[in-house]
file start09.txt (compact mmCIF, C-alpha atoms)
# COMPACT_ATOMS: atom_id res chain seq x y z
CA MET A 1 0.00 0.00 0.00
CA ASN A 2 2.86 2.39 0.82
CA ALA A 3 4.51 1.54 -2.51
CA ALA A 4 1.29 2.34 -4.41
CA PHE A 5 0.88 5.61 -2.51
CA GLU A 6 4.48 6.57 -3.22
CA LYS A 7 4.00 5.69 -6.88
CA HIS A 8 0.99 8.00 -7.18
CA CYS A 9 2.87 10.77 -5.36
CA ASN A 10 5.65 10.46 -7.95
CA ILE A 11 3.12 10.54 -10.77
CA LEU A 12 1.53 13.62 -9.22
CA ASP A 13 4.93 15.29 -8.93
CA TYR A 14 5.65 14.56 -12.60
CA ALA A 15 2.17 15.85 -13.55
CA LEU A 16 2.87 19.15 -11.79
CA SER A 17 6.17 19.54 -13.62
CA ALA A 18 4.51 18.66 -16.96
CA LEU A 19 1.80 21.27 -16.36
CA TRP A 20 4.43 23.87 -15.57
CA ARG A 21 6.37 23.11 -18.75
CA ARG A 22 3.24 23.80 -20.78
CA ARG A 23 2.01 26.58 -18.50
CA LEU A 24 0.85 28.94 -21.26
CA LYS A 25 -1.41 26.33 -22.87
CA ASN A 26 -2.71 25.00 -19.55
CA GLY A 27 -3.14 28.53 -18.19
CA GLY A 28 -5.30 29.48 -21.14
CA ILE A 29 -7.46 26.39 -20.71
CA LEU A 30 -7.69 27.10 -16.97
CA MET A 31 -8.93 30.66 -17.52
CA VAL A 32 -11.51 29.71 -20.14
CA PHE A 33 -12.75 26.77 -18.07
CA ALA A 34 -12.99 28.95 -14.93
CA ALA A 35 -14.98 31.55 -16.88
CA VAL A 36 -17.50 28.92 -18.03
CA ILE A 37 -17.86 27.55 -14.49
CA PHE A 38 -18.23 31.11 -13.17
CA LEU A 39 -21.18 31.77 -15.49
CA VAL A 40 -22.97 28.50 -14.72
CA ALA A 41 -22.34 28.74 -10.96
CA SER A 42 -23.48 32.38 -10.83
CA PHE A 43 -26.87 31.47 -12.24
CA GLN A 44 -27.26 28.57 -9.83
CA LEU A 45 -26.30 30.66 -6.80
CA VAL A 46 -28.39 33.71 -7.67
CA THR A 47 -31.44 31.53 -8.33
CA SER A 48 -31.08 29.84 -4.93
CA ALA A 49 -30.59 33.20 -3.21
CA LEU A 50 -33.61 34.82 -4.90
CA THR A 51 -35.85 31.84 -4.12
CA GLU A 52 -34.80 31.83 -0.46
CA THR A 53 -35.20 35.61 -0.15
CA ALA A 54 -38.67 35.51 -1.71
CA GLY A 55 -39.70 32.74 0.69
CA LYS A 56 -38.64 34.80 3.72
CA VAL A 57 -40.34 37.98 2.51
CA LEU A 58 -43.58 36.19 1.57
CA ALA A 59 -43.83 34.73 5.07
CA ALA A 60 -45.81 37.85 6.05
CA ALA A 61 -48.26 37.51 3.15
CA PRO A 62 -51.87 36.47 3.85
CA GLU A 63 -52.51 32.74 3.89
CA ILE A 64 -55.32 33.05 1.30
CA THR A 65 -56.12 35.77 -1.23
CA VAL A 66 -59.56 35.93 -2.84
CA GLN A 67 -59.96 37.77 -6.16
CA ARG A 68 -63.13 38.19 -8.22
CA MET A 69 -62.81 37.10 -11.86
CA SER A 70 -64.92 38.04 -14.86
CA ALA A 71 -64.14 36.92 -18.43
CA GLY A 72 -60.75 35.74 -17.25
CA ARG A 73 -59.79 39.15 -15.82
CA GLN A 74 -59.65 40.38 -12.25
CA GLU A 75 -62.33 42.83 -11.13
CA ALA A 76 -63.10 44.68 -7.92
CA ILE A 77 -64.67 42.40 -5.32
CA PRO A 78 -67.69 43.51 -3.22
CA LEU A 79 -67.05 43.67 0.53
CA ALA A 80 -70.22 41.62 0.97
CA TYR A 81 -68.26 38.60 -0.25
CA GLY A 82 -66.29 38.70 2.98
CA ASP A 83 -69.47 38.39 5.03
CA ARG A 84 -70.29 35.14 3.23
CA LEU A 85 -67.05 33.60 4.49
CA HIS A 86 -67.87 33.99 8.19
CA GLU A 87 -69.60 30.60 8.20
CA ILE A 88 -66.29 28.81 7.43
CA PHE A 89 -64.71 27.53 10.63
CA GLY A 90 -60.99 28.22 10.99
CA ILE A 91 -60.86 31.68 9.41
CA ARG A 92 -59.18 34.13 11.79
CA ALA A 93 -59.88 37.32 9.85
CA THR A 94 -61.08 38.51 6.46
CA VAL A 95 -59.70 41.94 5.55
CA PRO A 96 -60.24 43.93 2.33
CA ARG A 97 -57.19 45.17 0.47
CA ILE A 98 -56.63 47.83 -2.16
CA TRP A 99 -53.69 47.55 -4.51
CA GLY A 100 -52.81 48.56 -8.01
CA TYR A 101 -50.22 50.15 -10.27
CA TYR A 102 -49.61 53.85 -10.71
CA PHE A 103 -47.68 54.91 -13.81
CA ASP A 104 -45.39 57.92 -13.47
CA GLU A 105 -45.32 59.47 -16.95
CA VAL A 106 -42.49 61.86 -16.08
CA ARG A 107 -40.08 59.14 -14.94
CA GLY A 108 -41.51 56.27 -16.96
CA ALA A 109 -41.84 54.07 -13.88
CA ASN A 110 -44.64 51.93 -12.48
CA TYR A 111 -45.23 52.02 -8.72
CA THR A 112 -47.11 49.34 -6.82
CA VAL A 113 -49.62 51.02 -4.49
CA LEU A 114 -50.86 49.00 -1.50
CA GLY A 115 -53.66 50.10 0.80
CA VAL A 116 -53.26 48.61 4.28
CA ALA A 117 -56.19 48.31 6.68
CA PRO A 118 -55.40 49.03 10.35
CA ASP A 119 -56.83 45.66 11.47
CA MET A 120 -54.90 43.67 8.84
CA PRO A 121 -52.57 41.13 10.52
CA GLN A 122 -50.17 41.78 7.67
CA ALA A 123 -49.86 45.42 8.79
CA ASP A 124 -47.66 44.44 11.73
CA GLY A 125 -45.26 42.69 9.35
CA LEU A 126 -45.13 45.76 7.10
CA GLY A 127 -44.49 47.96 10.13
CA LYS A 128 -41.51 45.83 11.17
CA ALA A 129 -40.14 46.05 7.60
CA VAL A 130 -39.86 49.85 7.78
CA SER A 131 -36.52 51.44 8.64
CA GLY A 132 -36.43 53.62 11.74
CA SER A 133 -39.29 54.59 14.02
CA VAL A 134 -42.52 55.09 12.07
CA PRO A 135 -45.95 55.42 13.72
CA TRP A 136 -47.97 52.36 12.72
CA PRO A 137 -50.66 52.11 11.53
CA LEU A 138 -50.08 55.00 9.18
CA GLY A 139 -52.06 58.20 9.54
CA GLN A 140 -54.13 59.69 6.74
CA GLY A 141 -52.02 61.04 3.89
CA ARG A 142 -48.82 59.33 5.11
CA VAL A 143 -47.04 56.66 3.06
CA VAL A 144 -44.07 54.30 3.27
CA LEU A 145 -41.91 53.88 0.16
CA GLY A 146 -39.67 51.19 -1.22
CA ARG A 147 -36.07 52.27 -1.58
CA ALA A 148 -36.13 52.24 -5.41
CA ALA A 149 -39.39 54.21 -5.46
CA ALA A 150 -37.97 56.80 -3.07
CA ALA A 151 -34.85 57.18 -5.21
CA THR A 152 -36.89 57.54 -8.42
CA LEU A 153 -39.18 60.19 -6.91
CA GLU A 154 -36.09 62.22 -5.84
CA LEU A 155 -37.76 63.42 -2.65
CA GLN A 156 -34.70 64.50 -0.65
CA PRO A 157 -34.76 66.80 1.21
CA ARG A 158 -38.53 67.30 0.79
CA GLN A 159 -40.98 64.66 2.03
CA LEU A 160 -44.07 65.75 0.10
CA PHE A 161 -45.26 64.59 -3.33
CA SER A 162 -48.54 64.24 -5.21
CA PHE A 163 -50.25 61.75 -7.50
CA PHE A 164 -53.16 62.34 -9.88
CA ARG A 165 -56.55 60.84 -9.12
CA PRO A 166 -58.65 59.46 -12.00
CA ASP A 167 -60.38 62.88 -12.28
CA LEU A 168 -56.89 64.50 -12.63
CA SER A 169 -57.10 66.21 -9.25
CA LEU A 170 -53.94 66.03 -7.12
CA LYS A 171 -53.70 63.87 -4.03
CA PRO A 172 -50.89 65.08 -1.70
CA MET A 173 -48.92 62.54 0.35
CA THR A 174 -46.22 62.71 3.01
CA VAL A 175 -43.38 60.20 3.31
CA ALA A 176 -43.39 58.57 6.75
CA GLY A 177 -40.60 56.03 6.17
CA VAL A 178 -38.72 53.73 3.81
CA PHE A 179 -38.70 49.92 3.77
CA ARG A 180 -35.62 48.02 4.92
CA PRO A 181 -33.06 46.85 2.32
CA GLU A 182 -33.60 43.14 3.09
CA THR A 183 -37.21 43.37 1.85
CA GLU A 184 -36.29 45.09 -1.40
CA LEU A 185 -37.07 42.08 -3.60
CA LEU A 186 -40.79 42.75 -3.04
CA THR A 187 -40.84 46.34 -1.77
CA ALA A 188 -38.50 48.14 -4.21
CA ASP A 189 -41.38 49.80 -6.13
CA LEU A 190 -43.96 49.61 -3.32
CA ILE A 191 -45.88 52.58 -1.89
CA ALA A 192 -47.87 51.53 1.21
CA MET A 193 -50.61 53.82 2.50
CA PRO A 194 -53.83 53.63 4.55
CA LEU A 195 -56.70 51.79 2.91
CA ALA A 196 -58.84 54.92 2.61
CA ASP A 197 -56.06 56.82 0.80
CA ALA A 198 -55.54 54.00 -1.71
CA ARG A 199 -59.30 53.86 -2.31
CA ASP A 200 -59.32 57.63 -2.90
CA LEU A 201 -56.28 57.50 -5.23
CA PHE A 202 -57.77 54.84 -7.52
CA GLY A 203 -61.39 56.00 -7.21
CA ILE A 204 -62.66 52.67 -5.86
CA PRO A 205 -66.12 52.80 -4.19
CA ALA A 206 -66.36 52.20 -0.45
CA SER A 207 -68.34 48.98 -1.04
CA GLN A 208 -65.56 47.34 -3.08
CA ALA A 209 -61.93 46.28 -2.77
CA THR A 210 -59.24 44.88 -5.03
CA ASP A 211 -59.21 41.56 -3.20
CA LEU A 212 -59.83 39.97 0.19
CA CYS A 213 -57.05 38.74 2.47
CA VAL A 214 -58.06 35.68 4.47
CA TYR A 215 -56.04 34.70 7.53
CA VAL A 216 -56.51 31.22 8.98
CA ALA A 217 -55.88 30.00 12.51
CA ASN A 218 -54.22 26.71 11.54
CA PRO A 219 -51.77 26.79 8.58
CA ALA A 220 -52.36 23.08 8.03
CA GLU A 221 -55.96 23.88 6.97
CA ILE A 222 -55.07 26.42 4.26
CA VAL A 223 -55.87 24.08 1.36
CA THR A 224 -59.13 22.86 2.94
CA ILE A 225 -60.37 26.38 3.66
CA ALA A 226 -59.37 27.51 0.16
CA GLU A 227 -61.50 24.72 -1.35
CA LYS A 228 -64.49 25.78 0.79
CA ILE A 229 -64.09 29.40 -0.32
CA SER A 230 -64.05 28.30 -3.98
CA LYS A 231 -67.37 26.48 -3.46
CA ILE A 232 -69.03 29.41 -1.69
CA LEU A 233 -67.68 32.00 -4.15
CA PRO A 234 -67.50 30.23 -7.53
CA ASP A 235 -66.77 33.45 -9.46
CA THR A 236 -63.52 34.07 -7.58
CA ARG A 237 -59.90 32.96 -7.85
CA VAL A 238 -58.48 31.68 -4.59
CA LEU A 239 -54.72 31.89 -4.18
CA THR A 240 -52.83 30.40 -1.25
CA ARG A 241 -49.50 31.58 0.10
CA PRO A 242 -47.74 28.29 -0.81
CA GLN A 243 -48.98 28.74 -4.41
CA ILE A 244 -47.52 32.26 -4.58
CA GLN A 245 -44.20 31.05 -3.15
CA LYS A 246 -44.14 28.23 -5.70
CA THR A 247 -44.83 30.73 -8.48
CA TYR A 248 -41.75 32.72 -7.51
CA GLN A 249 -39.69 29.53 -7.49
CA VAL A 250 -40.99 28.58 -10.95
CA VAL A 251 -40.34 32.07 -12.36
CA PHE A 252 -36.78 32.22 -11.04
CA GLY A 253 -36.16 28.61 -12.00
CA TRP A 254 -37.48 29.09 -15.54
CA ARG A 255 -35.37 32.18 -16.17
CA SER A 256 -32.31 30.56 -14.65
CA GLY A 257 -32.93 27.36 -16.61
CA PHE A 258 -33.27 29.22 -19.89
CA ALA A 259 -30.01 31.08 -19.29
CA SER A 260 -28.29 27.92 -18.06
CA VAL A 261 -29.21 26.11 -21.29
CA CYS A 262 -27.50 28.91 -23.22
CA LEU A 263 -24.46 28.57 -20.99
CA LEU A 264 -24.42 24.80 -21.39
CA ALA A 265 -23.93 25.43 -25.09
CA ALA A 266 -20.76 27.34 -24.17
CA LEU A 267 -19.75 24.45 -21.90
CA ALA A 268 -20.32 21.97 -24.73
CA ALA A 269 -18.22 24.14 -27.06
CA PHE A 270 -15.44 24.15 -24.48
CA ALA A 271 -15.67 20.35 -24.13
CA ILE A 272 -15.33 19.99 -27.91
CA LEU A 273 -12.31 22.29 -27.83
CA ALA A 274 -10.76 20.28 -25.01
CA TRP A 275 -11.39 17.04 -26.92
CA ASP A 276 -9.80 18.48 -30.03
CA LYS A 277 -6.75 19.67 -28.12
CA ALA A 278 -6.40 16.42 -26.20
CA SER A 279 -6.91 14.13 -29.19
CA GLY A 280 -4.51 16.14 -31.31
CA LEU A 281 -1.46 15.55 -29.13
CA SER A 282 1.61 17.42 -30.27
CA PRO A 283 4.65 15.44 -31.52
CA GLU A 284 6.46 16.47 -28.34
CA GLU A 285 3.70 14.98 -26.15
CA ARG A 286 3.66 11.77 -28.22
CA ARG A 287 7.44 11.41 -27.88
CA GLU A 288 7.10 12.04 -24.14
CA ILE A 289 4.57 9.21 -23.83
CA ALA A 290 6.81 6.92 -25.92
CA ILE A 291 9.87 7.68 -23.75
CA LEU A 292 7.87 7.05 -20.60
CA LYS A 293 6.77 3.65 -21.95
CA ILE A 294 10.38 2.78 -22.86
CA LEU A 295 11.41 3.72 -19.30
CA GLY A 296 8.92 1.19 -17.95
CA TRP A 297 5.73 3.16 -17.56
CA GLU A 298 2.57 1.16 -18.17
CA THR A 299 -0.52 2.36 -19.94
CA SER A 300 -2.32 2.66 -16.59
CA ASP A 301 0.48 4.91 -15.30
CA ILE A 302 0.16 7.23 -18.31
CA LEU A 303 -3.61 7.33 -17.83
CA ALA A 304 -3.06 8.20 -14.17
CA LEU A 305 -0.67 10.96 -15.27
CA ARG A 306 -3.22 12.43 -17.68
CA PHE A 307 -5.93 12.07 -15.05
CA TRP A 308 -3.86 14.03 -12.54
CA GLU A 309 -3.10 16.72 -15.12
CA GLY A 310 -6.75 17.05 -16.13
CA GLY A 311 -7.92 16.81 -12.53
CA LEU A 312 -5.57 19.56 -11.37
CA VAL A 313 -6.60 21.90 -14.18
CA ALA A 314 -10.31 21.14 -13.71
CA GLY A 315 -10.07 21.35 -9.91
CA LEU A 316 -8.32 24.72 -9.94
CA ALA A 317 -10.75 26.03 -12.57
CA PHE A 318 -13.71 24.81 -10.51
CA LEU A 319 -12.45 26.41 -7.28
CA LEU A 320 -11.64 29.65 -9.08
CA GLY A 321 -14.94 29.75 -10.97
CA ILE A 322 -17.21 28.97 -8.01
CA THR A 323 -15.31 31.39 -5.74
CA LEU A 324 -15.64 34.21 -8.26
CA ALA A 325 -19.33 33.32 -8.70
CA TYR A 326 -19.93 33.53 -4.94
CA PHE A 327 -18.22 36.91 -4.66
CA HIS A 328 -20.11 38.11 -7.73
CA VAL A 329 -23.47 37.17 -6.21
CA VAL A 330 -22.83 38.17 -2.58
CA PHE A 331 -20.69 41.29 -2.94
CA GLY A 332 -21.52 42.28 -6.52
CA GLY A 333 -25.28 41.82 -6.25
CA ALA A 334 -25.26 39.51 -9.31
CA ALA A 335 -24.84 42.61 -11.46
CA LEU A 336 -24.24 40.65 -14.68
CA PHE A 337 -27.38 38.52 -14.48
CA LYS A 338 -29.82 40.42 -12.26
CA PRO A 339 -31.77 41.94 -15.21
CA VAL A 340 -32.34 38.44 -16.61
CA LEU A 341 -33.68 37.02 -13.34
CA VAL A 342 -35.37 40.04 -11.75
CA GLY A 343 -36.64 41.86 -14.85
CA TRP A 344 -36.01 44.99 -16.89
CA SER A 345 -38.17 47.37 -14.86
CA VAL A 346 -37.13 50.99 -14.43
CA LEU A 347 -37.23 50.41 -10.66
CA GLN A 348 -34.53 47.83 -10.06
CA PRO A 349 -34.12 46.45 -6.51
CA THR A 350 -30.66 46.67 -4.99
CA LEU A 351 -30.38 43.12 -3.73
CA SER A 352 -28.23 41.87 -0.89
CA LEU A 353 -28.09 38.16 -1.61
CA ALA A 354 -26.63 35.39 0.55
CA PRO A 355 -26.94 32.18 -1.48
CA PRO A 356 -26.86 28.90 0.45
CA VAL A 357 -24.00 26.80 -0.91
CA THR A 358 -25.17 23.21 -0.43
CA LEU A 359 -23.36 19.96 -1.17
CA LYS A 360 -26.08 19.08 -3.68
CA GLU A 361 -25.40 22.19 -5.79
CA VAL A 362 -21.63 21.68 -5.64
CA LEU A 363 -21.93 18.07 -6.79
CA LEU A 364 -24.33 19.11 -9.57
CA LEU A 365 -21.84 21.70 -10.85
CA LEU A 366 -19.04 19.12 -10.65
CA ALA A 367 -21.08 16.65 -12.68
CA PHE A 368 -21.87 19.23 -15.39
CA THR A 369 -18.39 20.77 -15.67
CA VAL A 370 -15.47 18.78 -14.26
CA LEU A 371 -16.48 15.22 -15.19
CA PRO A 372 -17.00 15.95 -18.93
CA TYR A 373 -13.61 17.66 -19.05
CA LEU A 374 -11.87 14.69 -17.44
CA ALA A 375 -13.54 12.34 -19.90
CA VAL A 376 -12.44 14.30 -22.97
CA THR A 377 -8.83 14.48 -21.74
CA VAL A 378 -8.26 10.94 -20.45
CA ILE A 379 -9.75 9.03 -23.40
CA PRO A 380 -7.44 10.55 -26.06
CA ALA A 381 -4.48 9.93 -23.71
CA TRP A 382 -5.45 6.26 -23.52
CA ARG A 383 -5.49 6.05 -27.33
CA ALA A 384 -2.05 7.66 -27.51
CA ALA A 385 -0.67 5.40 -24.76
CA SER A 386 -1.89 2.31 -26.61
CA VAL A 387 0.37 3.07 -29.60
CA PRO A 388 3.68 1.14 -29.51
CA ALA A 389 6.61 3.26 -28.36
CA GLU A 390 8.60 2.54 -31.53
CA SER A 391 5.78 3.86 -33.74
CA ALA A 392 5.44 7.01 -31.64
CA LEU A 393 9.18 7.71 -31.80
CA SER A 394 9.43 7.03 -35.53
CA GLY A 395 6.23 8.99 -36.32
call {"tool": "encode", "arguments": {"input": "start09.txt", "output": "structure tokens"}}
result
Amino acid sequence: MNAAFEKHCNILDYALSALWRRRLKNGGILMVFAAVIFLVASFQLVTSALTETAGKVLAAAPEITVQRMSAGRQEAIPLAYGDRLHEIFGIRATVPRIWGYYFDEVRGANYTVLGVAPDMPQADGLGKAVSGSVPWPLGQGRVVLGRAAAATLELQPRQLFSFFRPDLSLKPMTVAGVFRPETELLTADLIAMPLADARDLFGIPASQATDLCVYVANPAEIVTIAEKISKILPDTRVLTRPQIQKTYQVVFGWRSGFASVCLLAALAAFAILAWDKASGLSPEERREIAILKILGWETSDILALRFWEGGLVAGLAFLLGITLAYFHVVFGGAALFKPVLVGWSVLQPTLSLAPPVTLKEVLLLLAFTVLPYLAVTVIPAWRAASVPAESALSG
């Protein structure tokens, strides 16, 4: 066993010296391979980070959301619909909600306006998400802005601004606070205000709301209660919090998957290049293999040598690529790929992502990057090692 270990140490030592002799060629392959791994790993890490961040932020969302549908489109829902849900056991509260989009023609940006009722359980979660000390619930005419919305409105040092009502009259508002950076994935373009102010801004009658937020006492009964609501209110769409969380996962996963497929094409092109370089061994490399065989090296030893060479290059490229990807996502905010995964909105969230690096993701990246490279480098070496030494030296 000691002899075998010493033999592999000698082979490893020779592999290191061989890599150093051809350092320009191997360095170029290392850089290109690390760049490909960096791109693939960045998408994997940023997708995991966005999915985890969305899950944490959506934890304060209502368990069930009820929306009225007509001809496949959402319409305002009468408040009387909430009274019909009181007969369902397990519902803790049913609260109307006003929300919509306000387009700023001057800045070309869409703001998400959310009217929060004082008795909404979700209001406490929104209050905790606000930076600093802000009186909660909000008073009339006072709003809380997302950080991107505040920057776009250019309010500093003033705290007053106005929006147009549907009749083109101005509605003045005062900034009471700004949401915390860690909630920016969902609050970047958000403007939260009292329910009455949102109703006044959009011109929604007092007897209607955008949707109803249903809070249940036992989270295990969310699906059961949602089915009962669908039976009582057949003209509505009932959305549960797990469904919304799954939608975010699907959206991020689809965008990441589409981009990853494009990057896999680059990985396949690199594998073809590596195969071409490895199969087309230079005369110097063929003579080196022939001399090694004359000196007593077996075919298995030459394969081990090529395996160590390929493994060292692939291992260093993998470590370099995944390290750069982690720093790019955590400290760089995934600047290269954020528009692809988050969107091309004028109001872009400034994300602070902390992707969980799991063993499953590392092994998946290894399987997609390192293993194909080892295969395309070892197999041509085996073909070259199988040629008789005399033929290699004469040819």
call {"tool": "residues_around", "arguments": {"input": "start09.txt", "residues": "Glu361 (chain A)", "least_positions_apart": "5", "cutoff": "10 Å", "atoms": "only C-alpha atoms", "output": "list in words"}}
result
Ala41, Gln44, Leu45, Ser48, Pro356, Leu366 and Ala367 of chain A
call {"tool": "write_last_selection", "arguments": {"input": "start09.txt", "atoms": "C-alpha atoms", "output": "PDB file, in the frame of the given file"}}
result
ATOM      1  CA  ALA A  41     -22.340  28.740 -10.960  1.00  0.00           C
ATOM      2  CA  GLN A  44     -27.260  28.570  -9.830  1.00  0.00           C
ATOM      3  CA  LEU A  45     -26.300  30.660  -6.800  1.00  0.00           C
ATOM      4  CA  SER A  48     -31.080  29.840  -4.930  1.00  0.00           C
ATOM      5  CA  PRO A 356     -26.860  28.900   0.450  1.00  0.00           C
ATOM      6  CA  LEU A 366     -19.040  19.120 -10.650  1.00  0.00           C
ATOM      7  CA  ALA A 367     -21.080  16.650 -12.680  1.00  0.00           C
TER       8      ALA A 367
END
call {"tool": "closest_residue", "arguments": {"input": "start09.txt", "among": "A:Met31, A:Glu182, A:Gly146, A:Leu374", "to": "Glu309 (chain A)", "atoms": "only C-alpha atoms"}}
result
A:Leu374
call {"tool": "atom_distance", "arguments": {"input": "start09.txt", "atom1": "CA of Gln74 (chain A)", "atom2": "CA of Ser207 (chain A)"}}
result
16.6 Å
call {"tool": "closest_residue", "arguments": {"input": "start09.txt", "among": "A:Val143, A:Leu16, A:Leu319, A:Leu58", "to": "Pro172 (chain A)", "atoms": "all atoms listed in the file"}}
result
A:Val143
call {"tool": "closest_residue", "arguments": {"input": "start09.txt", "among": "A:Tyr81, A:Trp99, A:Tyr111, A:Phe318", "to": "Asp197 (chain A)", "atoms": "only C-alpha atoms"}}
result
A:Trp99
call {"tool": "atom_distance", "arguments": {"input": "start09.txt", "atom1": "CA of Pro78 (chain A)", "atom2": "CA of Cys213 (chain A)"}}
result
13.0 Å
call {"tool": "closest_residue", "arguments": {"input": "start09.txt", "among": "A:Val46, A:Met173, A:Leu160, A:Ile244", "to": "Pro62 (chain A)", "atoms": "only C-alpha atoms"}}
result
A:Ile244
call {"tool": "atom_distance", "arguments": {"input": "start09.txt", "atom1": "CA of Leu212 (chain A)", "atom2": "CA of Leu190 (chain A)"}}
result
18.9 Å
call {"tool": "closest_residue", "arguments": {"input": "start09.txt", "among": "A:Gly72, A:Pro96, A:Gly315, A:Gly321", "to": "Thr210 (chain A)", "atoms": "all atoms listed in the file"}}
result
A:Pro96
call {"tool": "closest_residue", "arguments": {"input": "start09.txt", "among": "A:Glu52, A:Asp104, A:Glu63, A:Glu227", "to": "Thr240 (chain A)", "atoms": "all atoms listed in the file"}}
result
A:Glu63
call {"tool": "residues_around", "arguments": {"input": "start09.txt", "residues": "region 199-203 of chain A", "least_positions_apart": "6", "cutoff": "7 Å", "atoms": "only C-alpha atoms", "output": "PDB file with C-alpha atoms, keeping the file's coordinate frame"}}
result
ATOM      1  CA  ILE A  98     -56.630  47.830  -2.160  1.00  0.00           C
ATOM      2  CA  ARG A 165     -56.550  60.840  -9.120  1.00  0.00           C
ATOM      3  CA  PRO A 166     -58.650  59.460 -12.000  1.00  0.00           C
ATOM      4  CA  LYS A 171     -53.700  63.870  -4.030  1.00  0.00           C
TER       5      LYS A 171
END
call {"tool": "residues_near_point", "arguments": {"input": "start09.txt", "point": "(-40.4, 55.0, -15.3)", "cutoff": "10 Å", "atoms": "all atoms listed in the file", "output": "MDAnalysis selection string"}}
result
chainID A and resid 103:111 149 152:153 345:347
call {"tool": "write_last_selection", "arguments": {"input": "start09.txt", "atoms": "C-alpha atoms", "output": "CSV table (one decimal), keeping the file's coordinate frame"}}
result
chain,number,residue,atom,x,y,z
A,103,PHE,CA,-47.7,54.9,-13.8
A,104,ASP,CA,-45.4,57.9,-13.5
A,105,GLU,CA,-45.3,59.5,-17.0
A,106,VAL,CA,-42.5,61.9,-16.1
A,107,ARG,CA,-40.1,59.1,-14.9
A,108,GLY,CA,-41.5,56.3,-17.0
A,109,ALA,CA,-41.8,54.1,-13.9
A,110,ASN,CA,-44.6,51.9,-12.5
A,111,TYR,CA,-45.2,52.0,-8.7
A,149,ALA,CA,-39.4,54.2,-5.5
A,152,THR,CA,-36.9,57.5,-8.4
A,153,LEU,CA,-39.2,60.2,-6.9
A,345,SER,CA,-38.2,47.4,-14.9
A,346,VAL,CA,-37.1,51.0,-14.4
A,347,LEU,CA,-37.2,50.4,-10.7
call {"tool": "residues_around", "arguments": {"input": "start09.txt", "residues": "Gln208 (chain A)", "least_positions_apart": "6", "cutoff": "7 Å", "atoms": "all atoms listed in the file", "output": "list in words"}}
result
Ala76, Ile77, Pro78 and Leu79 of chain A
call {"tool": "write_last_selection", "arguments": {"input": "start09.txt", "atoms": "C-alpha atoms", "output": "mmCIF file, in the frame of the given file"}}
result
data_model
loop_
_atom_site.group_PDB
_atom_site.id
_atom_site.type_symbol
_atom_site.label_atom_id
_atom_site.label_comp_id
_atom_site.auth_asym_id
_atom_site.auth_seq_id
_atom_site.Cartn_x
_atom_site.Cartn_y
_atom_site.Cartn_z
ATOM 1 C CA ALA A 76 -63.100 44.680 -7.920
ATOM 2 C CA ILE A 77 -64.670 42.400 -5.320
ATOM 3 C CA PRO A 78 -67.690 43.510 -3.220
ATOM 4 C CA LEU A 79 -67.050 43.670 0.530
#
call {"tool": "residues_around", "arguments": {"input": "start09.txt", "residues": "Ala93 (chain A)", "least_positions_apart": "4", "cutoff": "8 Å", "atoms": "only C-alpha atoms", "output": "ChimeraX atom specification"}}
result
/A:214-216
